[in-house]
$ cat final_29.txt   # compact mmCIF, C-alpha atoms
# COMPACT_ATOMS: atom_id res chain seq x y z
CA MET A 1 32.78 30.15 0.12
CA THR A 2 29.86 30.39 2.53
CA THR A 3 29.51 27.58 4.99
CA ARG A 4 26.70 26.69 7.31
CA THR A 5 26.18 24.15 10.04
CA LEU A 6 23.47 21.55 9.75
CA GLN A 7 22.05 19.85 12.82
CA PHE A 8 21.08 16.20 12.54
CA LYS A 9 19.27 13.69 14.69
CA ILE A 10 20.28 10.30 13.38
CA TYR A 11 18.99 6.85 14.25
CA ARG A 12 21.91 4.76 15.43
CA TYR A 13 21.94 1.07 16.12
CA ASP A 14 24.83 -1.33 16.01
CA PRO A 15 23.51 -4.72 17.12
CA ASP A 16 27.03 -5.80 18.12
CA LYS A 17 27.42 -2.92 20.58
CA ASP A 18 24.07 -1.30 21.37
CA GLN A 19 21.41 -2.73 23.64
CA LYS A 20 18.79 -0.77 21.73
CA PRO A 21 18.57 1.96 19.09
CA TYR A 22 19.09 5.62 20.04
CA MET A 23 18.97 9.00 18.34
CA GLN A 24 22.34 10.73 17.96
CA ASP A 25 22.64 14.52 17.85
CA ILE A 26 25.38 15.49 15.45
CA SER A 27 26.20 18.50 13.30
CA VAL A 28 28.27 19.07 10.20
CA GLU A 29 29.63 22.02 8.23
CA VAL A 30 28.48 22.20 4.64
CA ASP A 31 29.41 24.71 1.96
CA SER A 32 27.54 26.09 -1.03
CA THR A 33 28.66 23.23 -3.28
CA ASP A 34 26.81 20.76 -1.07
CA ARG A 35 23.37 20.71 -2.63
CA LYS A 36 21.80 17.44 -1.61
CA LEU A 37 21.24 15.62 1.66
CA LEU A 38 23.61 12.89 0.48
CA ASP A 39 26.44 15.47 0.24
CA ALA A 40 25.88 16.31 3.89
CA LEU A 41 25.76 12.63 4.83
CA VAL A 42 29.10 12.01 3.12
CA LYS A 43 30.58 14.90 5.13
CA LEU A 44 28.97 13.49 8.28
CA LYS A 45 30.89 10.29 7.67
CA ALA A 46 34.07 12.36 8.15
CA VAL A 47 32.78 13.59 11.53
CA ASP A 48 31.71 10.13 12.71
CA ASP A 49 33.04 7.38 10.49
CA ALA A 50 30.91 4.73 12.22
CA ILE A 51 27.65 6.03 10.72
CA ALA A 52 26.40 3.42 8.26
CA PHE A 53 24.23 4.18 5.25
CA ARG A 54 23.94 2.92 1.67
CA ARG A 55 24.63 5.04 -1.38
CA SER A 56 25.95 4.47 -4.85
CA CYS A 57 25.07 6.47 -7.94
CA ARG A 58 24.24 9.71 -6.06
CA GLU A 59 21.79 10.80 -8.79
CA GLY A 60 18.49 9.04 -8.12
CA VAL A 61 19.01 6.05 -10.38
CA CYS A 62 20.29 3.22 -8.20
CA GLY A 63 17.81 3.63 -5.35
CA SER A 64 20.21 2.67 -2.57
CA ASP A 65 20.05 5.77 -0.36
CA ALA A 66 16.37 5.66 0.55
CA LEU A 67 15.84 6.98 4.07
CA ASN A 68 13.11 8.24 6.31
CA ILE A 69 13.82 11.98 6.21
CA ASN A 70 11.95 14.12 8.74
CA GLY A 71 9.30 11.43 8.87
CA LYS A 72 8.88 10.98 5.12
CA ASN A 73 10.61 8.42 2.92
CA GLY A 74 12.83 9.77 0.17
CA LEU A 75 16.21 9.52 -1.51
CA ALA A 76 19.03 11.41 0.18
CA CYS A 77 20.60 12.15 -3.21
CA LEU A 78 17.45 13.83 -4.53
CA THR A 79 16.55 15.79 -1.38
CA ASP A 80 17.67 19.41 -1.57
CA LEU A 81 19.42 20.73 1.54
CA SER A 82 17.62 24.02 0.87
CA SER A 83 14.29 22.26 1.45
CA PHE A 84 14.98 21.92 5.18
CA PRO A 85 13.79 24.67 7.50
CA GLU A 86 16.60 26.65 9.18
CA GLY A 87 17.45 25.94 12.80
CA LYS A 88 15.61 22.65 13.05
CA PRO A 89 17.55 19.39 13.20
CA ILE A 90 17.10 17.05 10.25
CA VAL A 91 15.77 13.74 11.57
CA LEU A 92 17.06 10.69 9.72
CA ARG A 93 15.79 7.18 10.33
CA PRO A 94 16.03 3.93 8.37
CA LEU A 95 13.09 3.00 6.13
CA PRO A 96 10.26 1.93 8.44
CA GLY A 97 8.92 -1.60 8.63
CA LEU A 98 12.04 -3.50 7.59
CA PRO A 99 14.59 -5.06 9.96
CA VAL A 100 17.54 -2.77 10.69
CA ILE A 101 20.96 -4.23 9.94
CA ARG A 102 22.83 -1.21 11.25
CA ASP A 103 22.06 2.51 11.62
CA LEU A 104 20.33 3.60 8.40
CA ILE A 105 20.79 0.28 6.60
CA VAL A 106 17.78 -2.04 6.43
CA ASP A 107 17.42 -5.65 5.36
CA MET A 108 15.57 -5.54 2.02
CA THR A 109 15.14 -9.34 1.69
CA GLN A 110 11.39 -9.23 2.26
CA PHE A 111 10.97 -6.40 -0.22
CA PHE A 112 12.85 -8.21 -2.99
CA LYS A 113 11.09 -11.50 -2.21
CA GLN A 114 7.80 -9.79 -3.02
CA TYR A 115 9.29 -8.26 -6.15
CA HIS A 116 10.49 -11.67 -7.36
CA SER A 117 7.10 -13.23 -6.60
CA ILE A 118 5.47 -11.32 -9.47
CA LYS A 119 7.98 -12.72 -12.03
CA PRO A 120 9.50 -9.40 -13.08
CA TYR A 121 10.52 -10.51 -16.55
CA LEU A 122 8.86 -10.87 -19.93
CA ILE A 123 7.21 -14.26 -20.48
CA ASN A 124 6.85 -15.03 -24.17
CA ASN A 125 7.00 -18.58 -25.49
CA ASP A 126 7.13 -17.69 -29.17
CA PRO A 127 10.51 -18.17 -30.82
CA PRO A 128 12.34 -14.84 -30.69
CA PRO A 129 12.24 -12.96 -33.99
CA GLU A 130 15.44 -12.17 -35.81
CA ARG A 131 15.78 -8.66 -34.44
CA GLU A 132 13.35 -7.73 -31.67
CA ARG A 133 9.79 -8.07 -30.44
CA LEU A 134 8.09 -4.97 -31.76
CA GLN A 135 5.40 -2.85 -30.13
CA SER A 136 3.31 -0.03 -31.54
CA PRO A 137 4.15 3.38 -30.07
CA GLU A 138 0.72 3.40 -28.36
CA ASP A 139 1.35 0.02 -26.73
CA ARG A 140 4.78 1.17 -25.64
CA GLU A 141 3.26 4.30 -24.11
CA GLU A 142 1.28 2.15 -21.67
CA LEU A 143 4.59 1.24 -20.00
CA ASP A 144 5.42 4.86 -19.21
CA GLY A 145 5.19 5.52 -15.49
CA LEU A 146 5.82 1.82 -14.82
CA TYR A 147 9.27 0.89 -16.08
CA GLU A 148 11.00 3.83 -14.37
CA CYS A 149 10.80 2.27 -10.89
CA ILE A 150 14.26 2.00 -9.29
CA LEU A 151 13.19 -0.34 -6.45
CA CYS A 152 14.32 2.03 -3.69
CA ALA A 153 11.48 0.74 -1.46
CA CYS A 154 10.35 4.23 -0.39
CA CYS A 155 6.77 3.32 -1.36
CA SER A 156 6.43 -0.17 0.11
CA THR A 157 7.99 0.86 3.42
CA SER A 158 5.60 3.80 3.76
CA CYS A 159 2.59 1.54 3.19
CA PRO A 160 0.72 0.48 6.36
CA SER A 161 -0.61 -2.59 4.55
CA PHE A 162 2.99 -3.61 3.85
CA TRP A 163 3.95 -2.94 7.48
CA TRP A 164 1.25 -5.32 8.74
CA ASN A 165 1.77 -8.05 6.13
CA PRO A 166 5.20 -7.73 4.48
CA ASP A 167 5.29 -11.51 4.02
CA LYS A 168 1.96 -11.69 2.20
CA PHE A 169 1.16 -8.33 0.60
CA VAL A 170 3.19 -7.71 -2.55
CA GLY A 171 3.40 -3.99 -1.79
CA PRO A 172 3.21 -0.98 -4.11
CA ALA A 173 6.63 -1.48 -5.74
CA GLY A 174 5.95 -5.12 -6.57
CA LEU A 175 2.45 -4.37 -7.83
CA LEU A 176 3.69 -1.53 -10.02
CA ALA A 177 6.19 -3.97 -11.53
CA ALA A 178 3.44 -6.59 -11.87
CA TYR A 179 1.33 -4.18 -13.89
CA ARG A 180 4.37 -3.24 -15.97
CA PHE A 181 4.36 -6.84 -17.31
CA ILE A 182 0.57 -7.24 -17.37
CA ALA A 183 0.39 -4.12 -19.53
CA ASP A 184 3.18 -5.26 -21.85
CA THR A 185 1.68 -6.45 -25.16
CA ARG A 186 4.71 -8.69 -25.73
CA ASP A 187 4.00 -10.66 -22.56
CA GLN A 188 1.90 -13.84 -22.89
CA ALA A 189 1.32 -14.66 -19.23
CA THR A 190 -1.34 -12.04 -18.47
CA SER A 191 -3.86 -14.52 -17.14
CA GLU A 192 -1.32 -16.31 -14.95
CA ARG A 193 -0.14 -12.96 -13.63
CA LEU A 194 -3.69 -11.98 -12.69
CA ASP A 195 -4.22 -15.42 -11.10
CA ASN A 196 -1.04 -14.92 -9.13
CA LEU A 197 -2.38 -11.66 -7.68
CA GLU A 198 -6.01 -12.60 -7.11
CA ASP A 199 -5.67 -13.06 -3.42
CA PRO A 200 -7.01 -11.21 -0.39
CA TYR A 201 -3.43 -10.53 0.74
CA ARG A 202 -1.23 -10.26 -2.32
CA LEU A 203 -3.24 -7.55 -4.08
CA PHE A 204 -6.33 -6.72 -2.08
CA ARG A 205 -4.50 -5.55 1.05
CA CYS A 206 -4.15 -2.27 -0.84
CA HIS A 207 -6.74 0.08 0.63
CA THR A 208 -5.72 3.05 -1.55
CA ILE A 209 -4.00 4.86 1.32
CA MET A 210 -1.72 6.36 -1.35
CA ASN A 211 1.35 6.91 0.84
CA CYS A 212 3.22 5.25 -2.04
CA VAL A 213 2.26 8.01 -4.46
CA ASP A 214 3.11 10.65 -1.87
CA VAL A 215 6.70 9.47 -1.38
CA CYS A 216 7.81 8.06 -4.76
CA PRO A 217 11.03 9.94 -5.64
CA LYS A 218 10.46 9.18 -9.33
CA GLY A 219 6.93 10.61 -9.28
CA LEU A 220 5.32 7.27 -10.13
CA ASN A 221 1.80 6.22 -9.18
CA PRO A 222 1.56 2.64 -7.85
CA THR A 223 -2.05 3.23 -6.74
CA LEU A 224 -3.07 3.90 -10.34
CA ALA A 225 -1.31 0.72 -11.49
CA ILE A 226 -3.03 -1.29 -8.74
CA GLY A 227 -6.37 0.20 -9.82
CA LYS A 228 -5.68 -0.91 -13.38
CA ILE A 229 -4.90 -4.46 -12.22
CA LYS A 230 -8.19 -4.52 -10.33
CA ALA A 231 -10.04 -3.17 -13.37
CA MET A 232 -8.52 -5.91 -15.55
CA MET A 233 -9.62 -8.53 -13.03
CA VAL A 234 -13.16 -7.14 -13.09
CA LYS A 235 -13.16 -7.15 -16.90
CA ARG A 236 -11.95 -10.74 -16.88
CA ALA A 237 -14.60 -11.82 -14.39
CA ILE A 238 -17.73 -10.27 -15.86
CA MET B 1 11.57 -24.34 10.69
CA SER B 2 8.79 -26.88 10.50
CA HIS B 3 6.67 -27.07 7.37
CA PHE B 4 3.77 -25.66 9.37
CA ASP B 5 5.54 -22.30 9.38
CA ARG B 6 5.46 -22.00 5.59
CA ILE B 7 3.77 -18.78 4.54
CA VAL B 8 0.94 -19.62 2.21
CA VAL B 9 -0.92 -17.20 -0.02
CA GLY B 10 -2.97 -17.67 -3.17
CA ALA B 11 -6.48 -18.13 -1.80
CA HIS B 12 -7.82 -16.94 -5.17
CA TYR B 13 -10.54 -14.74 -3.86
CA GLY B 14 -10.66 -11.06 -3.12
CA LEU B 15 -11.97 -9.56 -6.34
CA LYS B 16 -15.63 -10.30 -5.55
CA ASP B 17 -15.25 -8.91 -2.03
CA TRP B 18 -13.50 -5.80 -3.27
CA LEU B 19 -16.20 -5.23 -5.87
CA ALA B 20 -19.00 -5.99 -3.39
CA GLN B 21 -17.57 -3.47 -0.93
CA ARG B 22 -17.70 -0.77 -3.60
CA ILE B 23 -21.22 -1.62 -4.79
CA THR B 24 -22.63 -1.84 -1.26
CA ALA B 25 -21.01 1.53 -0.51
CA VAL B 26 -22.94 3.06 -3.42
CA VAL B 27 -26.21 1.53 -2.17
CA MET B 28 -25.57 2.92 1.33
CA ALA B 29 -24.70 6.36 -0.04
CA LEU B 30 -27.90 6.47 -2.10
CA TYR B 31 -29.98 5.30 0.86
CA SER B 32 -28.37 7.91 3.14
CA MET B 33 -29.24 10.64 0.63
CA PHE B 34 -32.78 9.31 0.39
CA MET B 35 -33.17 9.32 4.17
CA GLY B 36 -31.61 12.79 4.39
CA ALA B 37 -34.17 14.01 1.89
CA ALA B 38 -36.96 12.34 3.89
CA LEU B 39 -35.78 14.07 7.07
CA LEU B 40 -35.57 17.46 5.31
CA SER B 41 -39.03 17.00 3.84
CA GLY B 42 -40.39 16.91 7.38
CA VAL B 43 -40.92 13.26 8.24
CA HIS B 44 -41.08 13.04 12.01
CA GLY B 45 -42.66 11.12 14.82
CA GLN B 46 -43.77 7.50 14.98
CA ASP B 47 -46.64 8.08 12.58
CA GLY B 48 -44.49 9.86 10.01
CA TRP B 49 -41.87 7.12 9.96
CA ARG B 50 -44.53 4.40 9.95
CA ALA B 51 -46.18 6.02 6.92
CA LEU B 52 -42.83 6.31 5.13
CA MET B 53 -41.92 2.70 5.87
CA SER B 54 -45.29 1.44 4.68
CA HIS B 55 -44.29 2.17 1.07
CA GLY B 56 -43.19 -0.94 -0.77
CA PHE B 57 -40.26 0.90 -2.34
CA VAL B 58 -38.98 2.14 1.03
CA ARG B 59 -39.14 -1.39 2.46
CA PHE B 60 -37.28 -2.74 -0.56
CA PHE B 61 -34.65 0.00 -0.33
CA THR B 62 -34.26 -0.38 3.45
CA PHE B 63 -33.80 -4.12 3.07
CA LEU B 64 -31.09 -3.49 0.47
CA PHE B 65 -29.45 -0.97 2.78
CA ILE B 66 -29.32 -3.36 5.73
CA VAL B 67 -27.94 -6.19 3.61
CA SER B 68 -25.38 -3.80 2.08
CA LEU B 69 -24.35 -2.51 5.50
CA CYS B 70 -23.76 -6.00 6.86
CA TRP B 71 -21.97 -7.24 3.74
CA HIS B 72 -19.77 -4.12 3.69
CA ALA B 73 -19.04 -4.49 7.40
CA TRP B 74 -18.21 -8.18 6.96
CA ILE B 75 -15.46 -7.39 4.45
CA GLY B 76 -14.14 -4.44 6.45
CA VAL B 77 -14.08 -6.20 9.83
CA ARG B 78 -12.62 -9.34 8.29
CA ASP B 79 -9.82 -7.21 6.81
CA ILE B 80 -9.07 -5.85 10.27
CA TRP B 81 -8.85 -9.38 11.73
CA MET B 82 -6.59 -10.38 8.82
CA ASP B 83 -4.26 -7.47 9.51
CA TYR B 84 -3.98 -7.70 13.26
CA VAL B 85 -4.81 -11.24 14.40
CA LYS B 86 -2.13 -13.65 13.28
CA PRO B 87 -2.93 -17.04 14.94
CA ALA B 88 -5.15 -18.90 12.46
CA GLY B 89 -7.37 -20.50 15.11
CA ILE B 90 -8.25 -17.23 16.85
CA ARG B 91 -8.74 -15.55 13.49
CA LEU B 92 -11.12 -18.24 12.25
CA ALA B 93 -13.11 -17.92 15.48
CA LEU B 94 -13.30 -14.13 15.09
CA HIS B 95 -14.31 -14.44 11.42
CA SER B 96 -17.07 -16.86 12.35
CA LEU B 97 -18.33 -14.73 15.23
CA THR B 98 -18.35 -11.64 13.01
CA ALA B 99 -20.29 -13.39 10.26
CA ILE B 100 -22.77 -14.91 12.71
CA ALA B 101 -23.32 -11.59 14.52
CA LEU B 102 -23.81 -9.68 11.24
CA VAL B 103 -26.32 -12.21 9.88
CA GLY B 104 -28.21 -12.06 13.18
CA TYR B 105 -28.21 -8.26 13.19
CA ALA B 106 -29.41 -8.15 9.58
CA GLY B 107 -32.33 -10.45 10.31
CA TRP B 108 -33.24 -8.55 13.45
CA ALA B 109 -33.06 -5.14 11.76
CA ILE B 110 -35.21 -6.26 8.84
CA GLN B 111 -37.74 -7.76 11.19
CA VAL B 112 -37.94 -4.45 13.12
CA ILE B 113 -38.32 -2.35 9.97
CA TRP B 114 -40.81 -4.62 8.20
CA ARG B 115 -42.99 -4.80 11.32
CA LEU B 116 -43.65 -1.05 11.12
$ encode --input "final_29.txt" --output "structure tokens"
Amino acid sequence: MTTRTLQFKIYRYDPDKDQKPYMQDISVEVDSTDRKLLDALVKLKAVDDAIAFRRSCREGVCGSDALNINGKNGLACLTDLSSFPEGKPIVLRPLPGLPVIRDLIVDMTQFFKQYHSIKPYLINNDPPPERERLQSPEDREELDGLYECILCACCSTSCPSFWWNPDKFVGPAGLLAAYRFIADTRDQATSERLDNLEDPYRLFRCHTIMNCVDVCPKGLNPTLAIGKIKAMMVKRAI
Amino acid sequence: MSHFDRIVVGAHYGLKDWLAQRITAVVMALYSMFMGAALLSGVHGQDGWRALMSHGFVRFFTFLFIVSLCWHAWIGVRDIWMDYVKPAGIRLALHSLTAIALVGYAGWAIQVIWRL
């Protein structure tokens, strides 16, 4: 089995011990069965068991191992080791813009607060039918590209508008989820949802920078969803 | 935490500004193309510009351009203050100064152009 050594530069910060964060140079041996960055991180944990990072499903579904990888947000479990140039250290940092709890683990409270603020659930006051609330295939299609979000926060934490106003701007992930319910024909709170977003901060901090689209590991397009929300608001107003 | 630290959002505006910024951008783009064409067609010197500006349509269009520029700038500069200046008092002062300066500039510019 062929092995190779990977060089890493990893952001380390343990608030109980460290005065301030520092970058640690560390290397690890990987073999040909190690395909993804997460595989290397798990091996790194054997070299230095104090390194802290989140991971769970290891297949791009749970969204826990989002990191800033060589300056770009992404999921460690979906990033191919072969995508890194030879001989250059892989630089790993926590997601930018959120408070660091330890090493590569960030406090996502602010992110989820914004997500909750858009009421991410179906609002329908009609009595539930015997089996299910039906949609036409065309109406269901509108939800494609919206429901797949895994809330990894890669998008919101790469958004400068979210960096400046994480307490007020909903952020791309939250707005994508907002449009997922605005677009749902079974939802009856469309107008309230639009009211909830018509605000210079909550929605209109988006200046179509499109970092969100650039980093989304699921290939989703929050900017498009935000544009559709704005278009609905215009339609409602004129 | 005192109740004054509560984060409040929900000002219920933003759509009109967002739309206005797009529409004023279109006006400015059209005016820039018009002026580019005027330059290419050989308008030069005080007399040339004076003759161009004496047309009613050009005055109308120039007025629209100046109003669009100031309106567009108001939204853009206000967004910058909203991003970077957090204390409400200082921000309100900056918003007011920006609005006052832009209105003054608009009046001044129109007066200069219409005098030609």
$ closest_residue --input "final_29.txt" --among "B:Tyr13, B:Tyr84, B:Trp49, B:Phe65" --to "Met28 (chain B)" --atoms "all atoms listed in the file"
B:Phe65
$ closest_atom_pairs --input "final_29.txt" --of "chain B" --to "chain A" --cutoff "9 Å" --atoms "only C-alpha atoms" --output "Markdown table"
| residue | atom | partner | partner_atom | distance |
| --- | --- | --- | --- | --- |
| B:Ile7 | CA | A:Asp167 | CA | 7.4 |
| B:Val8 | CA | A:Lys168 | CA | 8.0 |
| B:Val9 | CA | A:Lys168 | CA | 6.6 |
| B:Gly10 | CA | A:Asp199 | CA | 5.3 |
| B:Ala11 | CA | A:Asp199 | CA | 5.4 |
| B:His12 | CA | A:Asp199 | CA | 4.8 |
| B:Tyr13 | CA | A:Asp199 | CA | 5.2 |
| B:Gly14 | CA | A:Pro200 | CA | 4.6 |
| B:Leu15 | CA | A:Glu198 | CA | 6.7 |
| B:Lys16 | CA | A:Val234 | CA | 8.5 |
| B:Asp17 | CA | A:Pro200 | CA | 8.7 |
| B:Trp18 | CA | A:Phe204 | CA | 7.3 |
| B:Leu19 | CA | A:Val234 | CA | 8.1 |
| B:Asp79 | CA | A:Arg205 | CA | 8.0 |
| B:Met82 | CA | A:Tyr201 | CA | 8.7 |
| B:Asp83 | CA | A:Trp164 | CA | 6.0 |
| B:Tyr84 | CA | A:Trp164 | CA | 7.3 |
$ residues_around --input "final_29.txt" --residues "Arg180 (chain A)" --least-positions-apart "6" --cutoff "9 Å" --atoms "only C-alpha atoms" --output "number ranges by chain"
A: 120, 142-147, 225
$ axis_aligned_box --input "final_29.txt" --around "region 88-96 of chain B" --padding-each-side "6 Å" --output "lines of an AutoDock Vina configuration file"
center_x = -11.1
center_y = -17.3
center_z = 14.1
size_x = 23.9
size_y = 18.4
size_z = 17.4
$ residues_around --input "final_29.txt" --residues "Lys228 (chain A)" --least-positions-apart "5" --cutoff "10 Å" --atoms "only C-alpha atoms" --output "PyMOL selection string"
chain A and resi 176+179+182-183+222-223+233-234
$ closest_residue --input "final_29.txt" --among "B:Leu97, B:Phe61, B:Gly45, B:Met53" --to "Met33 (chain B)" --atoms "only C-alpha atoms"
B:Phe61
$ residues_around --input "final_29.txt" --residues "region 21-29 of chain A" --least-positions-apart "5" --cutoff "8 Å" --atoms "all atoms listed in the file" --output "PyMOL selection string"
chain A and resi 3-14+40+43-44+47
$ write_last_selection --input "final_29.txt" --atoms "C-alpha atoms" --output "PDB file, in the frame of the given file"
ATOM      1  CA  THR A   3      29.510  27.580   4.990  1.00  0.00           C
ATOM      2  CA  ARG A   4      26.700  26.690   7.310  1.00  0.00           C
ATOM      3  CA  THR A   5      26.180  24.150  10.040  1.00  0.00           C
ATOM      4  CA  LEU A   6      23.470  21.550   9.750  1.00  0.00           C
ATOM      5  CA  GLN A   7      22.050  19.850  12.820  1.00  0.00           C
ATOM      6  CA  PHE A   8      21.080  16.200  12.540  1.00  0.00           C
ATOM      7  CA  LYS A   9      19.270  13.690  14.690  1.00  0.00           C
ATOM      8  CA  ILE A  10      20.280  10.300  13.380  1.00  0.00           C
ATOM      9  CA  TYR A  11      18.990   6.850  14.250  1.00  0.00           C
ATOM     10  CA  ARG A  12      21.910   4.760  15.430  1.00  0.00           C
ATOM     11  CA  TYR A  13      21.940   1.070  16.120  1.00  0.00           C
ATOM     12  CA  ASP A  14      24.830  -1.330  16.010  1.00  0.00           C
ATOM     13  CA  ALA A  40      25.880  16.310   3.890  1.00  0.00           C
ATOM     14  CA  LYS A  43      30.580  14.900   5.130  1.00  0.00           C
ATOM     15  CA  LEU A  44      28.970  13.490   8.280  1.00  0.00           C
ATOM     16  CA  VAL A  47      32.780  13.590  11.530  1.00  0.00           C
TER      17      VAL A  47
END
$ residues_around --input "final_29.txt" --residues "region 74-88 of chain A" --least-positions-apart "5" --cutoff "6 Å" --atoms "all atoms listed in the file" --output "MDAnalysis selection string"
chainID A and resid 35:38 58:59 65:67
$ atom_distance --input "final_29.txt" --atom1 "CA of Ile66 (chain B)" --atom2 "CA of Leu52 (chain B)"
16.6 Å
$ atom_distance --input "final_29.txt" --atom1 "CA of Ser32 (chain A)" --atom2 "CA of Pro89 (chain A)"
18.6 Å
$ residues_near_point --input "final_29.txt" --point "(2.7, 6.8, 1.4)" --cutoff "12 Å" --atoms "only C-alpha atoms" --output "PyMOL selection string"
chain A and resi 68+71-74+96+153-163+171-173+206-217+220-223
